[in-house]
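Enquirer: My questions all concern the structure below.
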Amino acid sequence: MEQHNQDYDVVICGGGLAGLTLARHLQQSLPQLSVAVIEKTVRPLPEAGFKVGESSVEGGSNYIGRVLGMHDYLKEHHFLKNGLRFFPGGSHLPLDQRPEMGPPCLPLLPAYQIDRGVFENHLRSLVADTNVDFLEGYSLQDFSLMPDSSHEIKIQRMDTQEQSTVKCRWMVDASGRRFFLQSKFDLKNRWEHKLGASWFRVDGRLDINDFVPKGEWHVQRDPDNIRYFSTNHLMGHGYWVWLIPLGSEHTSVGIVAAEELHPIKERSSYETSYAWLQEHEPIVAKHLEGKQPLDFKCFKNCSYGSEQTFSFDRWACVGEAGVFLDPLYSYGLDFIAMSNCITVELITRDHNNELSKQDVDHFNHFYLSLTNNLMQLFNGSYHVFNKAHVMMAKLYWDTGFYWGFFAPLSFFQLYKKPELLSQLQCMKNTLTLNLRMQQMFKDWAKMETSTKAPDFTKYPHLYSYLSRAHVELSRKKSQKRALRDIEKNCRMLEDAARVWFLRAVESTMPERLEAIKQSGRINPYAISLDPSKWQEDGLFDSEPGKLDLMSRDIQFYCGEIEGSKATKLYHLFRLYLWGWTMKLKETG
């Protein structure tokens, strides 16, 4: 047997989605480096019943489609995704009587529904055909990190049990939930967000449009008959169920729930998961009758963080080997993309003798601060999922936060400037504001109200802040321009927070609304639904402002006003004008 004792520049431990995309990224960006990928499983990988994580959103899709140059392949062999679609509450009602929130047409920016087996087979072939050494059928036994020399990694061939050693300057853990680096250095931490997930794939098309007899529900809400291509979320108290179509003519079905409300032991097999669906989402169970699962898996405590993901000692954790938040908004590939991009940047600087410990500390702090903040989109929020009126508000905020603030960081490669981003006041403010908003949504969902969500909420509405932020991601921008636009978006989010606060007050304590409006002053960083804290937190310590533009935007979103096409275009023009005329300080 050949002994793999070559001293590589980079060894990637794990040949899943994170490791394979990183190998391709390195090969494209730094072809002069020697790279090896160590992976236990061998081809061919099974289609459909392989790995979970089929749904992507714009940030991760931009990475694999544009950065890695795979859009044409993805468009041909996988489904273009029709956005995220939500059905919160009313789980025992016919589907057409439940509130629906989703895109009215295919989004401008592509995202994909990916059959992981098909995709990873293709990625392996691409990587193996380059100068990357793909050590397929090898398991990692142990490793020793040598900060002053080459790291040593002991591997074992699965078929012969023979062992060998590879050396490298950089070791990257892409092993997913095997956590090679995290476990050895005790870096993993459990968030208080306790989550359990179970999932399976079935043969054939499980089309949500078939859940309702043909009629006005289809014609008015989905005239192009593309609801099937969305990631469909059926939501109730403490849980959500996904339906994801796969290009291999299979359907992925998953159940994700807060552990304290729906323990994973209730869904530890296909039989118990099916019984759970019969109780909580009978419409899904009905359409699964007679189908046999191609696979079944479940995870307990699937949400976790890390104390460190990048080190000046030349190691990194990418993808799920580092952190995993929650599958709700399909952010998994986004964090593969960002951790991969940061890793490539670190290796590039090291190769050019330009890497400092301070650089690595900035990247590590930036990445973990961002993931810790985004965790609050999910932590404690599962009791919101059956409250459609709150979920509608949360969806507007979370989507605007993603398209206007988070996604541009990767689209325009701003992650390369973590030392600048950490100093930007608008970034600090927006992360703080997000925490306030998430707490408000949680409190709102617990309070009595007669407020109801509309039957169908279109998002992004074609002429709105959300569509504007979405379209802006497709434009070519310098980093300086992108930073300025993020600052504008952050200012818009301040107004959005003010308006949603007013609507929450009107929904839960309408007797207080007029006094707040008359003051004309709402400090978005002090909003809450606890009136006893308003004075202390400084709710009214703010410059007077007008909220008519954002109020109208949210009224369009909620379906409270329609208006002519000319009226909507004028509204969109005002949104752009609002951004152009803002007085901004230079961000450098």
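Going through the structure tokens in order, the chains are called A, B, and so on, while each chain numbers its residues from 1 and the ligands are numbered from 1 in the order shown.
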Enumerate, as a PyMOL selection string, the complete set of residues in segment 18-49 of chain A that a backbone-based DSSP assignment places in strand (DSSP E).

Expert: chain A and resi 35-39

Enquirer: Output N, CA and C atoms for every residue in that selection, as a short mmCIF file (atom, residue, chain, number, x, y, z; two decimals), in the first residue's frame.

Expert:
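Output file again03.cif is given in full below:
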```
data_model
loop_
_atom_site.label_atom_id
_atom_site.label_comp_id
_atom_site.auth_asym_id
_atom_site.auth_seq_id
_atom_site.Cartn_x
_atom_site.Cartn_y
_atom_site.Cartn_z
N VAL A 35 -3.37 19.95 -2.04
CA VAL A 35 -4.55 19.77 -1.20
C VAL A 35 -4.96 18.30 -1.21
N ALA A 36 -5.32 17.78 -0.04
CA ALA A 36 -5.85 16.43 0.07
C ALA A 36 -7.17 16.47 0.83
N VAL A 37 -8.09 15.59 0.44
CA VAL A 37 -9.37 15.43 1.13
C VAL A 37 -9.44 14.00 1.64
N ILE A 38 -9.72 13.84 2.93
CA ILE A 38 -9.85 12.51 3.54
C ILE A 38 -11.33 12.25 3.78
N GLU A 39 -11.85 11.16 3.23
CA GLU A 39 -13.27 10.86 3.36
C GLU A 39 -13.49 9.35 3.53
#
```

Enquirer: Skip Phe501 of chain A itself and residues of its chain fewer than 3 positions away, then list as a list in words all residues within 8 Å of it, counting only C-alpha atoms.

Expert: Met440, Ala497, Arg498, Ala504, Val505, Ile527 and Ser528 of chain A

Enquirer: Could you save the residues just selected, with N, CA, C and O atoms, as a compact mmCIF listing (two decimals), in the first residue's frame?

Expert:
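Just written: again.txt:
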```txt
# COMPACT_ATOMS: atom_id res chain seq x y z
N MET A 440 -39.35 40.96 21.26
CA MET A 440 -40.70 41.50 21.10
C MET A 440 -41.62 40.47 20.46
O MET A 440 -42.78 40.31 20.87
N ALA A 497 -38.53 48.50 12.61
CA ALA A 497 -38.71 48.12 14.01
C ALA A 497 -39.72 49.03 14.69
O ALA A 497 -40.58 48.57 15.46
N ARG A 498 -39.66 50.34 14.41
CA ARG A 498 -40.62 51.28 15.00
C ARG A 498 -42.05 50.95 14.59
O ARG A 498 -42.97 50.94 15.41
N ALA A 504 -47.57 46.06 17.14
CA ALA A 504 -47.67 45.12 18.27
C ALA A 504 -48.40 45.76 19.44
O ALA A 504 -49.21 45.10 20.11
N VAL A 505 -48.13 47.05 19.70
CA VAL A 505 -48.84 47.75 20.77
C VAL A 505 -50.33 47.83 20.43
O VAL A 505 -51.19 47.58 21.28
N ILE A 527 -37.37 49.40 22.33
CA ILE A 527 -38.73 48.87 22.19
C ILE A 527 -38.89 47.58 23.00
O ILE A 527 -37.97 46.78 23.12
N SER A 528 -40.08 47.42 23.56
CA SER A 528 -40.46 46.20 24.25
C SER A 528 -41.97 46.26 24.47
O SER A 528 -42.59 47.31 24.26
```

Enquirer: Considering only C-alpha atoms, state which residue in the set A:Asp203, A:Asp210, A:Asp553, A:Asp350 is at the smallest distance from Leu493 of chain A.

Expert: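 Answer, going by the shortest atom-to-atom distance: A:Asp553.
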
Enquirer: Looking at A:Ala337, A:Val318, A:Val256, A:Ile347, which one is nearest to Ile64 of chain A, with distances taken over only C-alpha atoms?

Expert: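 Once distances to Ile64 of chain A are computed over only C-alpha atoms, the minimum belongs to A:Ala337.
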
Enquirer: So that I can check the surroundings of Ser55 of chain A, please list as number ranges by chain every protein, DNA and RNA residue that reaches within 8 Å of it, counting only C-alpha atoms and ignoring chain neighbours fewer than 4 positions away.

Expert: A: 112-114, 231, 244, 330

Enquirer: Given the selection you just returned, output its residues as a file containing all heavy atoms, formatted as an mmCIF file, in the first residue's frame.

Expert:
```cif
data_model
loop_
_atom_site.group_PDB
_atom_site.id
_atom_site.type_symbol
_atom_site.label_atom_id
_atom_site.label_comp_id
_atom_site.auth_asym_id
_atom_site.auth_seq_id
_atom_site.Cartn_x
_atom_site.Cartn_y
_atom_site.Cartn_z
ATOM 1 N N TYR A 112 -31.558 26.921 -4.738
ATOM 2 C CA TYR A 112 -31.720 25.584 -5.284
ATOM 3 C C TYR A 112 -32.270 24.613 -4.239
ATOM 4 O O TYR A 112 -32.028 24.752 -3.039
ATOM 5 C CB TYR A 112 -30.373 25.047 -5.793
ATOM 6 C CG TYR A 112 -29.606 26.014 -6.643
ATOM 7 C CD1 TYR A 112 -28.542 26.761 -6.121
ATOM 8 C CD2 TYR A 112 -29.946 26.230 -7.987
ATOM 9 C CE1 TYR A 112 -27.839 27.669 -6.900
ATOM 10 C CE2 TYR A 112 -29.254 27.136 -8.765
ATOM 11 C CZ TYR A 112 -28.200 27.849 -8.225
ATOM 12 O OH TYR A 112 -27.515 28.749 -8.992
ATOM 13 N N GLN A 113 -33.008 23.604 -4.731
ATOM 14 C CA GLN A 113 -33.368 22.424 -3.953
ATOM 15 C C GLN A 113 -32.421 21.321 -4.416
ATOM 16 O O GLN A 113 -32.483 20.878 -5.566
ATOM 17 C CB GLN A 113 -34.827 22.018 -4.191
ATOM 18 C CG GLN A 113 -35.848 23.121 -3.968
ATOM 19 C CD GLN A 113 -36.075 23.437 -2.496
ATOM 20 O OE1 GLN A 113 -35.183 23.249 -1.660
ATOM 21 N NE2 GLN A 113 -37.247 23.939 -2.164
ATOM 22 N N ILE A 114 -31.540 20.887 -3.519
ATOM 23 C CA ILE A 114 -30.413 20.048 -3.919
ATOM 24 C C ILE A 114 -30.589 18.618 -3.421
ATOM 25 O O ILE A 114 -30.788 18.394 -2.223
ATOM 26 C CB ILE A 114 -29.090 20.624 -3.359
ATOM 27 C CG1 ILE A 114 -28.868 22.052 -3.887
ATOM 28 C CG2 ILE A 114 -27.918 19.738 -3.729
ATOM 29 C CD1 ILE A 114 -27.725 22.768 -3.211
ATOM 30 N N THR A 231 -39.576 25.554 -0.483
ATOM 31 C CA THR A 231 -39.448 24.793 0.751
ATOM 32 C C THR A 231 -40.679 25.142 1.568
ATOM 33 O O THR A 231 -40.818 26.255 2.061
ATOM 34 C CB THR A 231 -38.170 25.173 1.520
ATOM 35 O OG1 THR A 231 -37.031 24.815 0.731
ATOM 36 C CG2 THR A 231 -38.096 24.427 2.835
ATOM 37 N N ILE A 244 -39.744 19.196 0.835
ATOM 38 C CA ILE A 244 -38.751 19.697 -0.120
ATOM 39 C C ILE A 244 -38.713 18.764 -1.332
ATOM 40 O O ILE A 244 -38.481 17.560 -1.179
ATOM 41 C CB ILE A 244 -37.355 19.784 0.518
ATOM 42 C CG1 ILE A 244 -37.359 20.752 1.712
ATOM 43 C CG2 ILE A 244 -36.318 20.232 -0.512
ATOM 44 C CD1 ILE A 244 -36.053 20.782 2.479
ATOM 45 N N SER A 330 -33.043 27.637 6.260
ATOM 46 C CA SER A 330 -32.111 27.021 5.292
ATOM 47 C C SER A 330 -30.773 27.747 5.241
ATOM 48 O O SER A 330 -30.194 27.921 4.163
ATOM 49 C CB SER A 330 -32.753 26.990 3.889
ATOM 50 O OG SER A 330 -33.988 26.333 3.891
#
```

Enquirer: So which bits of segment 535-579 of chain A end up alpha helix (DSSP H) when you DSSP the backbone, as a list in words?

Expert: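 Written out, the alpha helix (DSSP H) residues of segment 535-579 of chain A are Gln535, Glu536, Asp537, Asp548, Leu549, Met550, Ser551, Arg552, Asp553, Ile554, Gln555, Phe556, Tyr557, Cys558, Lys565, Ala566, Thr567, Lys568, Leu569, Tyr570, His571, Leu572, Phe573, Arg574, Leu575, Tyr576, Leu577, Trp578 and Gly579 of chain A.
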
Enquirer: Report as a list in words all protein, DNA and RNA residues lying within 8 Å of segment 183-188 of chain A, evaluated on only C-alpha atoms, omitting residues in the same chain fewer than 6 positions from it.

Expert: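 Returned residues: Tyr304, Gly305, Ser306, Glu307, Gln308 and Gly322 of chain A.
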
Enquirer: So which residues touch segment 451-460 of chain A within 6 Å, counting only C-alpha atoms, skipping near sequence neighbours fewer than 4 positions away, as a PyMOL selection string?

Expert: chain A and resi 99-104+388-389+466-467+507

Enquirer: Could you please take those selected residues and save all heavy atoms as a PDB file, in the first residue's frame?

Expert:
```pdb
ATOM      1  N   PRO A  99     -53.442  30.300   7.135  1.00  0.00           N
ATOM      2  CA  PRO A  99     -52.689  31.431   6.593  1.00  0.00           C
ATOM      3  C   PRO A  99     -51.481  30.928   5.804  1.00  0.00           C
ATOM      4  O   PRO A  99     -50.859  29.922   6.165  1.00  0.00           O
ATOM      5  CB  PRO A  99     -52.250  32.202   7.840  1.00  0.00           C
ATOM      6  CG  PRO A  99     -53.173  31.753   8.920  1.00  0.00           C
ATOM      7  CD  PRO A  99     -53.530  30.338   8.608  1.00  0.00           C
ATOM      8  N   GLU A 100     -51.159  31.635   4.735  1.00  0.00           N
ATOM      9  CA  GLU A 100     -50.016  31.270   3.886  1.00  0.00           C
ATOM     10  C   GLU A 100     -49.154  32.490   3.672  1.00  0.00           C
ATOM     11  O   GLU A 100     -49.649  33.591   3.428  1.00  0.00           O
ATOM     12  CB  GLU A 100     -50.507  30.721   2.552  1.00  0.00           C
ATOM     13  CG  GLU A 100     -49.383  30.352   1.599  1.00  0.00           C
ATOM     14  CD  GLU A 100     -49.884  29.811   0.260  1.00  0.00           C
ATOM     15  OE1 GLU A 100     -51.121  29.719   0.082  1.00  0.00           O
ATOM     16  OE2 GLU A 100     -49.051  29.501  -0.602  1.00  0.00           O
ATOM     17  N   MET A 101     -47.843  32.305   3.734  1.00  0.00           N
ATOM     18  CA  MET A 101     -46.889  33.379   3.501  1.00  0.00           C
ATOM     19  C   MET A 101     -45.814  32.860   2.566  1.00  0.00           C
ATOM     20  O   MET A 101     -45.128  31.888   2.880  1.00  0.00           O
ATOM     21  CB  MET A 101     -46.256  33.825   4.837  1.00  0.00           C
ATOM     22  CG  MET A 101     -47.275  34.297   5.851  1.00  0.00           C
ATOM     23  SD  MET A 101     -46.666  34.313   7.546  1.00  0.00           S
ATOM     24  CE  MET A 101     -48.217  34.566   8.432  1.00  0.00           C
ATOM     25  N   GLY A 102     -45.688  33.488   1.390  1.00  0.00           N
ATOM     26  CA  GLY A 102     -44.714  32.993   0.439  1.00  0.00           C
ATOM     27  C   GLY A 102     -44.611  33.862  -0.786  1.00  0.00           C
ATOM     28  O   GLY A 102     -45.407  34.790  -0.991  1.00  0.00           O
ATOM     29  N   PRO A 103     -43.645  33.567  -1.659  1.00  0.00           N
ATOM     30  CA  PRO A 103     -43.418  34.383  -2.858  1.00  0.00           C
ATOM     31  C   PRO A 103     -44.509  34.163  -3.898  1.00  0.00           C
ATOM     32  O   PRO A 103     -44.965  33.035  -4.097  1.00  0.00           O
ATOM     33  CB  PRO A 103     -42.054  33.887  -3.367  1.00  0.00           C
ATOM     34  CG  PRO A 103     -41.930  32.502  -2.822  1.00  0.00           C
ATOM     35  CD  PRO A 103     -42.643  32.499  -1.512  1.00  0.00           C
ATOM     36  N   PRO A 104     -44.925  35.216  -4.575  1.00  0.00           N
ATOM     37  CA  PRO A 104     -45.950  35.076  -5.611  1.00  0.00           C
ATOM     38  C   PRO A 104     -45.389  34.566  -6.934  1.00  0.00           C
ATOM     39  O   PRO A 104     -46.143  34.184  -7.829  1.00  0.00           O
ATOM     40  CB  PRO A 104     -46.487  36.501  -5.756  1.00  0.00           C
ATOM     41  CG  PRO A 104     -45.326  37.365  -5.388  1.00  0.00           C
ATOM     42  CD  PRO A 104     -44.559  36.615  -4.333  1.00  0.00           C
ATOM     43  N   ALA A 388     -50.042  33.197  13.663  1.00  0.00           N
ATOM     44  CA  ALA A 388     -49.788  33.673  12.299  1.00  0.00           C
ATOM     45  C   ALA A 388     -49.534  35.169  12.240  1.00  0.00           C
ATOM     46  O   ALA A 388     -48.702  35.635  11.453  1.00  0.00           O
ATOM     47  CB  ALA A 388     -50.965  33.296  11.397  1.00  0.00           C
ATOM     48  N   HIS A 389     -50.242  35.961  13.073  1.00  0.00           N
ATOM     49  CA  HIS A 389     -50.060  37.416  13.013  1.00  0.00           C
ATOM     50  C   HIS A 389     -48.657  37.819  13.469  1.00  0.00           C
ATOM     51  O   HIS A 389     -48.079  38.778  12.949  1.00  0.00           O
ATOM     52  CB  HIS A 389     -51.114  38.118  13.866  1.00  0.00           C
ATOM     53  CG  HIS A 389     -51.041  37.798  15.327  1.00  0.00           C
ATOM     54  ND1 HIS A 389     -51.370  36.561  15.839  1.00  0.00           N
ATOM     55  CD2 HIS A 389     -50.662  38.563  16.404  1.00  0.00           C
ATOM     56  CE1 HIS A 389     -51.213  36.572  17.152  1.00  0.00           C
ATOM     57  NE2 HIS A 389     -50.786  37.772  17.515  1.00  0.00           N
ATOM     58  N   LEU A 466     -38.439  44.795   1.007  1.00  0.00           N
ATOM     59  CA  LEU A 466     -37.882  43.451   0.882  1.00  0.00           C
ATOM     60  C   LEU A 466     -37.425  43.177  -0.542  1.00  0.00           C
ATOM     61  O   LEU A 466     -36.329  42.651  -0.761  1.00  0.00           O
ATOM     62  CB  LEU A 466     -38.917  42.404   1.314  1.00  0.00           C
ATOM     63  CG  LEU A 466     -39.341  42.424   2.783  1.00  0.00           C
ATOM     64  CD1 LEU A 466     -40.296  41.268   3.070  1.00  0.00           C
ATOM     65  CD2 LEU A 466     -38.143  42.345   3.711  1.00  0.00           C
ATOM     66  N   SER A 467     -38.244  43.519  -1.527  1.00  0.00           N
ATOM     67  CA  SER A 467     -37.842  43.280  -2.917  1.00  0.00           C
ATOM     68  C   SER A 467     -36.658  44.165  -3.292  1.00  0.00           C
ATOM     69  O   SER A 467     -35.761  43.741  -4.029  1.00  0.00           O
ATOM     70  CB  SER A 467     -39.011  43.521  -3.868  1.00  0.00           C
ATOM     71  OG  SER A 467     -39.416  44.869  -3.860  1.00  0.00           O
ATOM     72  N   SER A 507     -51.997  45.830  18.706  1.00  0.00           N
ATOM     73  CA  SER A 507     -52.558  44.478  18.789  1.00  0.00           C
ATOM     74  C   SER A 507     -52.794  44.029  20.221  1.00  0.00           C
ATOM     75  O   SER A 507     -53.751  43.293  20.492  1.00  0.00           O
ATOM     76  CB  SER A 507     -51.602  43.497  18.095  1.00  0.00           C
ATOM     77  OG  SER A 507     -51.970  42.158  18.296  1.00  0.00           O
TER      78      SER A 507
END
```

Enquirer: For atom CA of Asn372 of chain A and atom CA of Ser56 of chain A, quote the distance in Å rounded to one decimal.

Expert: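 We find that atom CA of Asn372 of chain A and atom CA of Ser56 of chain A lie 20.4 Å from each other.
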
Enquirer: For the contact check between segment 30-73 of chain A and segment 406-421 of chain A, emit one row per residue of segment 30-73 of chain A within 9 Å, containing the shortest atom pair and the distance in Å rounded to one decimal, counting only C-alpha atoms, chain then rising number order, as a Markdown table.

Expert:
```
| residue | atom | partner | partner_atom | distance |
| --- | --- | --- | --- | --- |
| A:Glu58 | CA | A:Ala407 | CA | 7.5 |
| A:Gly59 | CA | A:Ala407 | CA | 5.6 |
| A:Gly60 | CA | A:Ser410 | CA | 8.9 |
| A:Asn62 | CA | A:Phe411 | CA | 7.2 |
| A:Tyr63 | CA | A:Phe411 | CA | 8.2 |
```

Enquirer: Can you pull out the residues contacting segment 323-325 of chain A? Cut-off 12 Å, using only C-alpha atoms, and skip same-chain residues under 5 positions away; I want them as a ChimeraX atom specification.

Expert: /A:53,173-177,179,182,187-195,301-309,316-318,330-336,338-339,367-379

Enquirer: Of the residues A:Pro88, A:Gly247, A:Gly238, A:Gly49, which is the one nearest to Pro293 of chain A, using only C-alpha atoms?

Expert: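 Comparing A:Pro88, A:Gly247, A:Gly238, A:Gly49 against Pro293 of chain A, the winner is A:Gly49.
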
Enquirer: For segment 481-492 of chain A, please output as an MDAnalysis selection string all residues within 6 Å (counting only C-alpha atoms; exclusion window: fewer than 4 positions along the same chain).

Expert: chainID A and resid 404:405 426 477 579

Enquirer: Filtering to N, CA, C and O atoms, could you give me those residues as a PDB file, in the first residue's frame?

Expert:
```pdb
ATOM      1  N   GLY A 404     -30.973  42.475   3.725  1.00  0.00           N
ATOM      2  CA  GLY A 404     -30.424  43.822   3.822  1.00  0.00           C
ATOM      3  C   GLY A 404     -29.138  43.923   4.608  1.00  0.00           C
ATOM      4  O   GLY A 404     -28.374  44.875   4.446  1.00  0.00           O
ATOM      5  N   PHE A 405     -28.864  42.913   5.454  1.00  0.00           N
ATOM      6  CA  PHE A 405     -27.712  43.017   6.352  1.00  0.00           C
ATOM      7  C   PHE A 405     -26.783  41.805   6.274  1.00  0.00           C
ATOM      8  O   PHE A 405     -25.588  41.937   6.014  1.00  0.00           O
ATOM      9  N   CYS A 426     -23.105  50.891  12.674  1.00  0.00           N
ATOM     10  CA  CYS A 426     -24.366  50.381  12.136  1.00  0.00           C
ATOM     11  C   CYS A 426     -24.461  48.872  12.323  1.00  0.00           C
ATOM     12  O   CYS A 426     -25.545  48.335  12.554  1.00  0.00           O
ATOM     13  N   LYS A 477     -21.105  45.750  -7.063  1.00  0.00           N
ATOM     14  CA  LYS A 477     -20.777  46.879  -6.194  1.00  0.00           C
ATOM     15  C   LYS A 477     -19.351  46.736  -5.690  1.00  0.00           C
ATOM     16  O   LYS A 477     -18.862  45.619  -5.471  1.00  0.00           O
ATOM     17  N   GLY A 579     -32.971  56.073   0.280  1.00  0.00           N
ATOM     18  CA  GLY A 579     -31.591  55.635   0.450  1.00  0.00           C
ATOM     19  C   GLY A 579     -30.589  56.597  -0.148  1.00  0.00           C
ATOM     20  O   GLY A 579     -29.540  56.874   0.434  1.00  0.00           O
TER      21      GLY A 579
END
```

Enquirer: Enumerate, in order of chain and increasing residue number, the residues of segment 303-394 of chain A with an atom no farther than 10 Å from segment 29-34 of chain A, each with its shortest atom pair and distance in Å to one decimal, counting only C-alpha atoms, as CSV.

Expert:
```
residue,atom,partner,partner_atom,distance
A:Val344,CA,A:Ser29,CA,8.0
A:Glu345,CA,A:Ser29,CA,9.6
A:Ile347,CA,A:Leu30,CA,9.1
A:Thr348,CA,A:Leu30,CA,7.5
A:His351,CA,A:Leu33,CA,8.9
```

Enquirer: Produce a file of the selected residues containing all heavy atoms, as a PDB file, in the first residue's frame.

Expert:
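To be explicit, this is the file written out as selection_7.pdb:
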```pdb
ATOM      1  N   VAL A 344     -10.376  30.154   3.143  1.00  0.00           N
ATOM      2  CA  VAL A 344      -9.575  30.432   1.947  1.00  0.00           C
ATOM      3  C   VAL A 344      -8.818  31.741   2.107  1.00  0.00           C
ATOM      4  O   VAL A 344      -7.649  31.856   1.721  1.00  0.00           O
ATOM      5  CB  VAL A 344     -10.470  30.456   0.691  1.00  0.00           C
ATOM      6  CG1 VAL A 344      -9.687  30.947  -0.524  1.00  0.00           C
ATOM      7  CG2 VAL A 344     -11.052  29.072   0.422  1.00  0.00           C
ATOM      8  N   GLU A 345      -9.467  32.740   2.703  1.00  0.00           N
ATOM      9  CA  GLU A 345      -8.798  34.024   2.920  1.00  0.00           C
ATOM     10  C   GLU A 345      -7.622  33.869   3.871  1.00  0.00           C
ATOM     11  O   GLU A 345      -6.533  34.432   3.635  1.00  0.00           O
ATOM     12  CB  GLU A 345      -9.801  35.034   3.467  1.00  0.00           C
ATOM     13  CG  GLU A 345      -9.229  36.419   3.759  1.00  0.00           C
ATOM     14  CD  GLU A 345      -8.797  37.191   2.530  1.00  0.00           C
ATOM     15  OE1 GLU A 345      -9.174  36.792   1.405  1.00  0.00           O
ATOM     16  OE2 GLU A 345      -8.069  38.202   2.688  1.00  0.00           O
ATOM     17  N   ILE A 347      -5.844  31.115   4.492  1.00  0.00           N
ATOM     18  CA  ILE A 347      -4.792  30.336   3.829  1.00  0.00           C
ATOM     19  C   ILE A 347      -4.078  31.184   2.784  1.00  0.00           C
ATOM     20  O   ILE A 347      -2.853  31.099   2.626  1.00  0.00           O
ATOM     21  CB  ILE A 347      -5.399  29.060   3.205  1.00  0.00           C
ATOM     22  CG1 ILE A 347      -5.879  28.118   4.316  1.00  0.00           C
ATOM     23  CG2 ILE A 347      -4.387  28.343   2.322  1.00  0.00           C
ATOM     24  CD1 ILE A 347      -6.651  26.913   3.826  1.00  0.00           C
ATOM     25  N   THR A 348      -4.831  32.027   2.092  1.00  0.00           N
ATOM     26  CA  THR A 348      -4.226  32.918   1.097  1.00  0.00           C
ATOM     27  C   THR A 348      -3.265  33.893   1.759  1.00  0.00           C
ATOM     28  O   THR A 348      -2.123  34.089   1.286  1.00  0.00           O
ATOM     29  CB  THR A 348      -5.317  33.696   0.339  1.00  0.00           C
ATOM     30  OG1 THR A 348      -6.186  32.773  -0.317  1.00  0.00           O
ATOM     31  CG2 THR A 348      -4.707  34.640  -0.681  1.00  0.00           C
ATOM     32  N   HIS A 351      -0.209  32.014   2.844  1.00  0.00           N
ATOM     33  CA  HIS A 351       0.633  31.678   1.694  1.00  0.00           C
ATOM     34  C   HIS A 351       1.455  32.886   1.237  1.00  0.00           C
ATOM     35  O   HIS A 351       2.599  32.737   0.777  1.00  0.00           O
ATOM     36  CB  HIS A 351      -0.239  31.163   0.549  1.00  0.00           C
ATOM     37  CG  HIS A 351       0.525  30.791  -0.675  1.00  0.00           C
ATOM     38  ND1 HIS A 351       1.364  29.691  -0.741  1.00  0.00           N
ATOM     39  CD2 HIS A 351       0.581  31.383  -1.909  1.00  0.00           C
ATOM     40  CE1 HIS A 351       1.902  29.609  -1.935  1.00  0.00           C
ATOM     41  NE2 HIS A 351       1.439  30.622  -2.670  1.00  0.00           N
TER      42      HIS A 351
END
```

Enquirer: So which one's closest to His78 of chain A, A:Met392, A:Leu246, A:Ala48, A:Val57? Using only C-alpha atoms, please.

Expert: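 Comparing A:Met392, A:Leu246, A:Ala48, A:Val57 against His78 of chain A, the winner is A:Leu246.
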
Enquirer: Which value, in Å to one decimal, gives the distance between atom CA of Lys565 of chain A and atom CA of Ser464 of chain A?

Expert: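 We find that atom CA of Lys565 of chain A and atom CA of Ser464 of chain A lie 12.4 Å from each other.
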